[in-house]
Amino acid sequence: MNDPFIQLSDVSLRYAGGTVALSNTDLRIEQGDFVALVGPSGCGKSTILKLVAGLLQPSSGGVLVARREVAAAEGSKAGGQRVRIGLAFQNPTMLPWLTIRENVMIPLKIVDPFRQDYAKKKKGEYADRAEALLAQVGLKGFGDKRPWQLSGGMLQRASLCRALVHDPQLLLLDEPFGALDQFTREELWDIMQALWIRQRPTVLLVTHDLRESAYLANRICVMSSRPGRILEEREVPFARPRTLESSYSPEFATLVQQLRMRIAHARSPSDTEATAEGVSA
Amino acid sequence: MSTFDGVNGKTRQRMLSAATLLGFFLLWEIMCLATGVSDLILPRPSQIALVLWEKFPLLWPHTVQTLYTTLTGFALGVTVGIIIGVVIGSSRLAYDVAYPLLVGFSSIPKVAVVPIFVVWFGAGTVPAVLTSMVISIFPVVVNVATGLANTEPELEDVLRVLGARKRDILWNVSLPRALPYLFASLKIAITLAFVGTVLSETVAANKGIGNVMMIASGNFDVPLVFAGLVILAVMGVMLYAVSSFIEGRMTGWAQRKNDVVMG
């Protein structure tokens, strides 16, 4: 337990305008774990994700990924063993001039052990790899289509494939299913769960959907509103694979309800801790 | 009949366009004949056609000259425009620093620079090439810079987290994304380059359609002036058509947004 894969210790982040997005946050995530961050909007969930990704630097405190200080995302020349990270957002951001398969293959073109052989393998091994992933998310045969020929749900599946194609050790998901309808979302939960069970990356999922967090995560971190910090961590004890039926069980409903009340409490002004911090900030 | 909306509708539209064009010249001819206007003022289309036919061996080298000047100026202008556009578009600092200078240059009426080029390089092809170059740089710079600045920040994040270098992002995302902007500007630039060439030819050249028209108007050979105009019109339409065709081929993905959505 002494060396977690991701460790945030006493991290604070103040934006240039003076807004405090995050104050004195601690978070530990073990390798291969699946952790969800939930909280009211604007509470700094995405900020934590960007800190872990190295897209932001903390104002104070330390962010360690695989026991290394997170480097600025650019300047990978320093080299060494970078932690391979996959990232997916609410917006699938596919490049319209490439086919779906080529879009999924983008990380292979950029990430280090793969990029050397890209020209040689893009027609063979890499294309097969992308196709195999696409098949797993139910997009078999869509590899040659262009992004504008697919629906939002399909693009989001492709975006998941793109986040996973380079076999990342760490998968960062920022409300990846937020823009989808209920049915598609639940279908993608299942797909996400299956992918996680198969590849076992460490996953940090940011979401405002409490059912989603309870369905997917091993552990749920509830955050307070701005300045954000982690109020409570909940283990999710349900056995895997979780199914849609299990998500309507009484235990599941109880957990979701408790999370809901915790967040409602965090937002209300009667929360003495929050008020105190609001004044000091 | 619903078939008219499909392929037949398109043919019908084309035929109507052709008929309108033909009708325009016909009306022109008839009006001239009816009013008996002198061909020193407005020659009839048939007279112009005759001049074109008779003087074609004389006009041809000038046509080639104008085309050559336009294309050279255009190629130079686009090259320089792309370079400046990429530099400005990929760096916020370069954008802020260079912008006032750029606005200053682009607001100069380009006619005004012809005399300067003539002083520097003498009358002839060089000032014409330079004029058409200078005039076609700005739309390219502005469009390329805008296109580059339009990269979605989320996608850039995805790539940066993968360890992409600035060059990777520029090459894989920003440049392809800027292509439709570039091609849109090429259509404008080719038309402007053409204007620049003819402009410079009328002021200071010894060859080219612009020069022919200038001399012809000095000799009151109005049908020849109009013949020059027709050549310019045809050439302009052709250049525009070619660049629009290339645009369609290169950036089809940007124009098919409204295509059938599946699933």
# chains A, B, ... in the order shown; residues from 1 in each chain; ligands from 1
$ residues_around --residues "Ala179 (chain A)" --least-positions-apart "4" --cutoff "9 Å" --atoms "only C-alpha atoms" --output "list in words"
Gln90, Asn91, Gly152, Gly153, Glu175 and Arg185 of chain A
$ select_by_dssp --residues "region 15-206 of chain B" --states "alpha helix (DSSP H)" --output "MDAnalysis selection string"
chainID B and resid 15:35 45:54 56:90 92:106 114:121 125:149 153:161 166:169 175:203
$ interface_residues --of "chain A" --to "chain B" --cutoff "10 Å" --atoms "only C-alpha atoms" --output "ChimeraX atom specification"
/A:50,52-55,72-77,79,82-98,106-112,146-154,162-163,166,168
$ residues_around --residues "Val230 (chain B)" --least-positions-apart "4" --cutoff "12 Å" --atoms "only C-alpha atoms" --output "list of chain:residue names"
B:Phe25, B:Pro45, B:Ile48, B:Ala49, B:Val51, B:Leu52, B:Leu59, B:Thr63, B:Ile209, B:Gly210, B:Met213, B:Pro223, B:Leu224, B:Val225, B:Phe226, B:Val234, B:Met235, B:Gly236, B:Val237
$ write_last_selection --atoms "C-alpha atoms" --output "JSON list (two decimals), in the first residue's frame"
[["chain", "number", "residue", "atom", "x", "y", "z"],
["B", 25, "PHE", "CA", -25.26, 38.00, -76.09],
["B", 45, "PRO", "CA", -20.78, 40.43, -80.04],
["B", 48, "ILE", "CA", -15.96, 40.95, -81.29],
["B", 49, "ALA", "CA", -16.07, 37.29, -82.27],
["B", 51, "VAL", "CA", -11.91, 40.20, -84.28],
["B", 52, "LEU", "CA", -11.09, 37.32, -81.95],
["B", 59, "LEU", "CA", -3.55, 37.75, -79.41],
["B", 63, "THR", "CA", -2.77, 35.50, -73.67],
["B", 209, "ILE", "CA", -3.60, 41.22, -72.74],
["B", 210, "GLY", "CA", -3.70, 44.28, -70.51],
["B", 213, "MET", "CA", -6.15, 46.53, -74.51],
["B", 223, "PRO", "CA", -13.68, 45.80, -80.87],
["B", 224, "LEU", "CA", -10.14, 44.69, -80.06],
["B", 225, "VAL", "CA", -10.48, 46.10, -76.53],
["B", 226, "PHE", "CA", -13.63, 44.04, -76.09],
["B", 234, "VAL", "CA", -12.75, 33.22, -70.24],
["B", 235, "MET", "CA", -9.35, 32.89, -68.57],
["B", 236, "GLY", "CA", -10.70, 34.11, -65.24],
["B", 237, "VAL", "CA", -13.58, 31.64, -65.30]]
$ closest_residue --among "B:Met238, B:Ile108, B:Val142, B:Leu71" --to "Ala193 (chain B)" --atoms "only C-alpha atoms"
B:Leu71
$ closest_residue --among "A:Gln257, A:Gln136, A:Gln156, A:Thr47" --to "Gly178 (chain A)" --atoms "only C-alpha atoms"
A:Gln156
$ residues_around --residues "Phe194 (chain B)" --least-positions-apart "6" --cutoff "9 Å" --atoms "only C-alpha atoms" --output "list of chain:residue names"
B:Thr66, B:Leu67, B:Thr69, B:Thr70, B:Leu71, B:Gly73, B:Phe74, B:Ser132, B:Leu232, B:Met235, B:Gly236
$ closest_residue --among "A:Asn103, A:Ser12, A:Thr254, A:Ser159" --to "Pro227 (chain A)" --atoms "only C-alpha atoms"
A:Ser12
$ select_by_dssp --residues "region 4-82 of chain A" --states "strand (DSSP E)" --output "ChimeraX atom specification"
/A:6-14,20-29,34-38,60-65,68-69
$ residues_around --residues "Ile135 (chain B)" --least-positions-apart "2" --cutoff "8 Å" --atoms "only C-alpha atoms" --output "ChimeraX atom specification"
/B:77,110,131-133,137-138,189,192-193,196
$ residues_around --residues "Arg260 (chain A)" --least-positions-apart "3" --cutoff "10 Å" --atoms "only C-alpha atoms" --output "list in words"
Val38, Gly39, Asp209, Leu210, Arg211, Val222, Thr254, Leu255, Val256, Gln257, Ile263, Ala264, His265 and Ala266 of chain A
$ write_last_selection --atoms "N, CA and C atoms" --output "JSON list (two decimals), in the first residue's frame"
[["chain", "number", "residue", "atom", "x", "y", "z"],
["A", 38, "VAL", "N", -16.87, 12.09, -8.46],
["A", 38, "VAL", "CA", -18.17, 12.71, -8.68],
["A", 38, "VAL", "C", -18.26, 13.97, -7.83],
["A", 39, "GLY", "N", -19.16, 14.86, -8.23],
["A", 39, "GLY", "CA", -19.32, 16.08, -7.46],
["A", 39, "GLY", "C", -20.11, 17.09, -8.25],
["A", 209, "ASP", "N", -22.77, 11.55, -13.32],
["A", 209, "ASP", "CA", -23.83, 10.57, -13.29],
["A", 209, "ASP", "C", -23.49, 9.56, -12.19],
["A", 210, "LEU", "N", -24.27, 9.60, -11.10],
["A", 210, "LEU", "CA", -23.93, 8.77, -9.95],
["A", 210, "LEU", "C", -24.14, 7.29, -10.24],
["A", 211, "ARG", "N", -25.18, 6.97, -11.02],
["A", 211, "ARG", "CA", -25.40, 5.57, -11.38],
["A", 211, "ARG", "C", -24.19, 5.05, -12.17],
["A", 222, "VAL", "N", -16.16, 11.49, -3.64],
["A", 222, "VAL", "CA", -17.13, 12.58, -3.71],
["A", 222, "VAL", "C", -16.41, 13.89, -3.42],
["A", 254, "THR", "N", -29.46, 2.21, -2.89],
["A", 254, "THR", "CA", -29.08, 2.83, -1.61],
["A", 254, "THR", "C", -27.78, 3.61, -1.76],
["A", 255, "LEU", "N", -26.80, 2.96, -2.42],
["A", 255, "LEU", "CA", -25.51, 3.61, -2.60],
["A", 255, "LEU", "C", -25.67, 4.92, -3.38],
["A", 256, "VAL", "N", -26.43, 4.85, -4.48],
["A", 256, "VAL", "CA", -26.62, 6.03, -5.31],
["A", 256, "VAL", "C", -27.31, 7.13, -4.50],
["A", 257, "GLN", "N", -28.28, 6.71, -3.69],
["A", 257, "GLN", "CA", -29.01, 7.70, -2.90],
["A", 257, "GLN", "C", -28.10, 8.37, -1.87],
["A", 263, "ILE", "N", -23.69, 14.78, -1.80],
["A", 263, "ILE", "CA", -23.39, 15.92, -2.68],
["A", 263, "ILE", "C", -24.34, 17.08, -2.38],
["A", 264, "ALA", "N", -25.60, 16.75, -2.15],
["A", 264, "ALA", "CA", -26.56, 17.80, -1.81],
["A", 264, "ALA", "C", -26.09, 18.53, -0.55],
["A", 265, "HIS", "N", -25.60, 17.74, 0.41],
["A", 265, "HIS", "CA", -25.12, 18.30, 1.65],
["A", 265, "HIS", "C", -23.90, 19.19, 1.41],
["A", 266, "ALA", "N", -23.03, 18.70, 0.53],
["A", 266, "ALA", "CA", -21.80, 19.44, 0.22],
["A", 266, "ALA", "C", -22.11, 20.80, -0.39]]
$ closest_residue --among "A:Phe5, A:Trp189, A:Phe252, A:Phe183" --to "Arg67 (chain A)" --atoms "only C-alpha atoms"
A:Phe5
$ residues_around --residues "Leu175 (chain B)" --least-positions-apart "4" --cutoff "10 Å" --atoms "only C-alpha atoms" --output "PyMOL selection string"
chain B and resi 86+90+144+147-148+151+169-171+179-180+182
